[in-house]
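Below: the structure, in structure tokens.
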Amino acid sequence: MTLDARSDSRADLLHGTLDMLILRTLQWGPQHGYAIGQTIRAQSSDVLQVEAGSLYPALQRLAKKGWVTAKWGQTEAHQRAKFYRLTPDGKKQLLREESRWAELVKAISRVMSPAPGPGTEE
Amino acid sequence: MGIVSWLKRRRLDEQDFQDEIRAHLAIAEQERIEDGADRRSARYAALKEFGNVTLTTEAARRVWTPGWLEALRDIVSDVRYAIRALRKNPGFSLTVVAVLTLGIGLNAMVFTMLKGLALSPLGGVARSAQLRVLYRQTNTGRTVRVSYPDYQYLRDHNQAFTSLMGSAYFDMNLGRGRGARQIFGELVTGNYFQVLGVRAQLGRTLLPSDEIAPGRHPVVVISDGLWRRDFGADPDIVGKTIEVNNYRLTIVGVADPAFHGTIVSYDVEAFVPVMMASQIGIGARNPGNVSSDPITDRRYGLLFPEGHLRPGVTAATAAAQMEAMWATVSLDRPLTEATQSLRLVPFWRAPTGAQTYMMPTLVVMIAMGLLVLIIACANIAGLVLVRGLSRRGEIAVRLALGASRTRIVRLLLVENFVLAIPGAALGIVLAQQAIPMFVQYADWLAVPARLFFNVDLDRTSVAFAVLAGCGSALVFGFVPALQTTRVDLVTVINEDASPRGAARSRLRGLLVIAQVAVSLLLLVGAGLVWRSLEAARRTNPGFDPDSVAAVAVDLAQNRYDDARGRVFYRKLLDAARADAGVESATLSAFTPLGFLDTPPTRVTIEGYEPRRGEDLIFMSNTIASDYFRTLRINVIAGRPFEEREDEQSEPVVMVNDTLARRFWGSAANALGKRLRVADREWRTVVGVAADVKYSKINEPPRPYFYLPFLQAYRSDMILQTRGSAPIHVLIDQARARVAALDGDLPILTARPLRELTQGAFLFYRLAAFMLFLFGTAGMALAALGTYGLVSYTVKQSTHEIGIRIALGATARSVVRHVLARGVRLGATGIAVGAIAAFGVGRLLRTVLFGVSTTDPASFAGALALVLGSVILATLIPAWRASRIDALRALRHQ
């Protein structure tokens, strides 16, 4: 962990994205930490591997902001686990994140593959 | 939400978080087992996948920690680390703390004096430094108090002050008979205590209702000290009476314990309403024996008006306003004396009190104190730098492990603060020990008068010391810290000489030069002041103070009238002269070289037309016969007073050489000429005495005259006897003679005349002592600093010296080589210091006497001392260098 200012802002961007992924995962119902990690991994076809070292601090961050609440419960295999559930605030936040993400993706794709504009000669 | 869960929400629930991690691992393990792994490898794989549990917990914890708390934790850990590191290196730490203690202690001492004189001069009075004082000044620069009628006018008509009070101090006789003694008292207006904001701890203070009609307010407020000493803190004191100058006054209150009056350095014990001035004999004590009523006489300077300016009124506006008012007053009711102006000054420049005499000396001491602090900082900077260099390895490792430069600079700074705080604390202790020594010395000089200085170390002093300490830490720690972090990893690891080494050695050289230069500056100052003291001691004051006993009495304390008083003093003189071992005996109202000016009197010279606005006011003395013989003052023309010059004979006067020459051209010419004192009878000049130093050793020659005792009777006189007997025998004999004539008469002073003249040397002595202290401290620090830095250089170049020795260099040539480098730095420092000393020598002029600011002896002495200490500080490491074992030095690599 470093206090370097530049790495902090880089971390912000990553945090933001990870937070969005977690909120998105919880949209279909409460899940425990391990399952959240697994879900993200499965949904991204094994591309995004969320490490526990990032996942659990992120869950604390979301809990602190009041976007998720946690409650101990039992898994289907009757194992003890802490389940996270989206709060109404968390739902609103997810909507905000989704639209911001869509903007970002649009912007990036415009830069990466510009469509020929009017008047452009081939 | 309950308070507990709210509190829980503020921080990570550690237990819960660990449970959660365990649950995670269990689920992951279980999943692997279901996939067909055995229990052990499943558990291992789950742990591996999870990663570092500690780091994860830390990251989760940090989510909940506010930024400032985290910073605080970092600093605490820095402090802990710093203490550990410093403990490992006690030599360094103790040296730094000792150097800082000296630097800060001296400065805290000087600062406390400054506080006692200017920043917070009056004990028990809030905002005392902001008081403004009014006084009259003649065109010749003489200070005159403001008369009561003028004070009243100014008080009632000015727009500048919130409220204007008036006060004046007088020596007052307290009590009667054997137990009587002289105290400092203040004559004060009714609003005095209100303007100062001082309360009574018992009874009441004086009030405006104590200022209605002359003679109608026989009351007094006494100080806490008087109440405790003379009345054993009697709780029923209010309503009892004391006698002040033989007049009975009823005690109405005891002032706040912290309050000691408004004259800096005087411990005022009684506060008497101004309306009682005549009753306690103030007007009758008018010099020249002209009685006047100080309440109605506009020519009787009685008070110094003081007060706080109204909010929003600047000093300049107020001064202009008071000047304009004064012009109106003077026009309406002109004073016949010389032209006067009304001056408005801040309290620290008030014409009475110690602040006026002490300020020039103090300014010099402040400058010197700061120079010592600069040396101390340069010194410690050197130590920190050297230590930093030997810690390069540690720092390189930290940098290599990824610590940021800011982080390391912060750590090094924290280390310096950790050193600065005990330095400041010990400095305060040092000052606390040293200040009472000065106060005691001043007390001894002033006996039997009581002094008070507001110089206890309070919050301001402590704040100053801590601030000075931390400021120093920043100064001495910052540059070396920056230097240290600029570590070249490769260089350190290879232990190689680097091009950056040159920059560091330049900084070391600069530190040595700075210390040597400043210590030379201090020593030149000390030398100059020391030589001033010598010159002052050597200066012939015009009389011989040795082997003379001085015993003061005031017959008014036992209610003698004039006739009985004359008889008493005549008998006393006869008896004293009859004593074995007494050569001659005399009486006088004042002793010379008494530090403070005595009240001057207006004089008219026959046939001399004063120029417009000329101020013919001179100091004088009332003396008995044999005065000049007893004090060994030359009579240069005519004759001294004789026994037969009494109230029946023709009025006579003696003048000093300066007065004779000013008005009649020469001493011989003055004989037979006439003058008048305070518009009374004409007196014929019968003799001219040589000039004497009347108040201070550095005063210019000034006109002075003498009146014969029997023609100008005063109740308070000082018996002086000269003899071959030891001085204490003379004193005891004189005391016995007074007691034999009147056993109930209190003796006010009984001391050798030599001691009574010490006050005149006080400031030279104080300045010389302080500067000597500062100079010595500075020199010791500079020598220490030079030694440390040269030793270090030698240590650093062990390799190089080893090569030289291996190639055949002799011990002598090695010594010469190292010595040359040290002396080169020392010489540069001395040159810089000498130039600076020439430049700032002028600032010392106010405290110098009889030496020029470029006095060669002082410069040569300081130069020799500094050069000697630099050579000594270099010789030791140089000698050590010459004994370096070439083989070992080379094998090292």
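Identifiers in this document derive from the order of the structure tokens: chains are assigned A, B, ..., residues are numbered from 1 separately in each chain, and ligands are numbered from 1 in order of occurrence.
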Specify as a list in words all residues of chain A found within 7 Å of chain B, counting only C-alpha atoms.
-> Gly33, Tyr34, Glu51, Ala52, Gly53, Tyr56, Pro57, Gln60, Arg61, Arg80, Ala81 and Lys82 of chain A
Residue selection dump (C-alpha atoms) as a PDB file, in the first residue's frame:
```
ATOM      1  CA  GLY A  33     -18.436 -12.518  -0.636  1.00  0.00           C
ATOM      2  CA  TYR A  34     -17.103 -15.707  -2.175  1.00  0.00           C
ATOM      3  CA  GLU A  51      -9.004 -10.950  -5.525  1.00  0.00           C
ATOM      4  CA  ALA A  52     -10.250 -11.283  -1.967  1.00  0.00           C
ATOM      5  CA  GLY A  53      -7.755  -8.518  -1.021  1.00  0.00           C
ATOM      6  CA  TYR A  56     -13.586  -7.440   1.010  1.00  0.00           C
ATOM      7  CA  PRO A  57     -12.313  -3.866   1.436  1.00  0.00           C
ATOM      8  CA  GLN A  60     -16.635  -2.551   3.588  1.00  0.00           C
ATOM      9  CA  ARG A  61     -16.531   0.607   1.494  1.00  0.00           C
ATOM     10  CA  ARG A  80     -22.353 -20.124   7.413  1.00  0.00           C
ATOM     11  CA  ALA A  81     -21.820 -16.988   5.286  1.00  0.00           C
ATOM     12  CA  LYS A  82     -22.341 -13.255   5.393  1.00  0.00           C
TER      13      LYS A  82
END
```
As a VMD selection string, which residues of segment 184-272 of chain B does DSSP assign to strand (DSSP E or B)?
-> chain B and resid 184 to 188 200 to 203 219 to 222 241 to 244 247 to 255 265 to 266 268 to 272
Any idea what's packed within 9 Å of segment 128-131 of chain B, counting only C-alpha atoms, ignoring anything in its chain fewer than 3 positions away? Could you give it as a PyMOL selection string?
-> chain B and resi 117-125+196+306-309+345-348
Between atom CA of Ile263 of chain B and atom CA of Asn158 of chain B - distance in Å to one decimal =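 Between atom CA of Asn158 of chain B and atom CA of Ile263 of chain B the gap works out to 24.2 Å.
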Nearby residues (only C-alpha atoms) at most 8 Å from Asn379 of chain B, same-chain spacing under 4 positions excluded, as a PDB file with C-alpha atoms, in the first residue's frame:
```
ATOM      1  CA  ILE B 375      25.342  29.235  16.351  1.00  0.00           C
ATOM      2  CA  LEU B 383      25.754  17.192  13.847  1.00  0.00           C
ATOM      3  CA  LEU B 511      28.447  25.577   8.713  1.00  0.00           C
ATOM      4  CA  GLN B 515      29.712  29.325  13.531  1.00  0.00           C
ATOM      5  CA  LEU B 781      29.702  25.863  20.543  1.00  0.00           C
ATOM      6  CA  ALA B 782      31.740  26.981  17.557  1.00  0.00           C
ATOM      7  CA  LEU B 784      32.589  21.955  19.319  1.00  0.00           C
ATOM      8  CA  GLY B 785      31.046  22.337  15.878  1.00  0.00           C
TER       9      GLY B 785
END
```
Which is closest to Leu18 of chain A among A:Ser99, A:Lys65, A:Ile108, A:Val50, if we use only C-alpha atoms?
->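 Of A:Ser99, A:Lys65, A:Ile108, A:Val50, the one nearest Leu18 of chain A is A:Val50, counting only C-alpha atoms.
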Give the alpha helix (DSSP H) residues of segment 41-178 of chain B, as DSSP finds them on the backbone, and put them as number ranges by chain.
-> B: 41-50, 53-64, 67-87, 90-114, 148-157
Which polymer residues have any atom within 10 Å of an atom of Val518 of chain B, counting only C-alpha atoms, with same-chain residues fewer than 3 positions away left out, as a ChimeraX atom specification?
-> /B:368,371-372,374-375,513-515,521-524,775,778-779,782,829-830,832-834,836-837
To one decimal in Å, tell me the separation between atom CA of Leu100 of chain B and atom CA of Thr460 of chain B.
-> 19.0 Å
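Rounded to one decimal, atom CA of Arg298 of chain B and atom CA of Tyr148 of chain B lie 6.9 Å from each other.
Within the 7 Å cut-off around Ile731 of chain B, using only C-alpha atoms and omitting residues fewer than 4 positions from it on the same chain, the listed residues are Ala549, Ile727, Arg735, Ala750 and Arg751 of chain B.
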For Val68 of chain A: contacts at 6 Å, only C-alpha atoms, fewer than 5 positions along chain excluded, given as a PyMOL selection string | chain A and resi 62-63+85-87
For Leu510 of chain B, the nearest of the candidates B:Pro208, B:Gly179, B:Gly826, B:Pro311, counting only C-alpha atoms =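 Checking each candidate against Leu510 of chain B, we get B:Gly826 as the closest.
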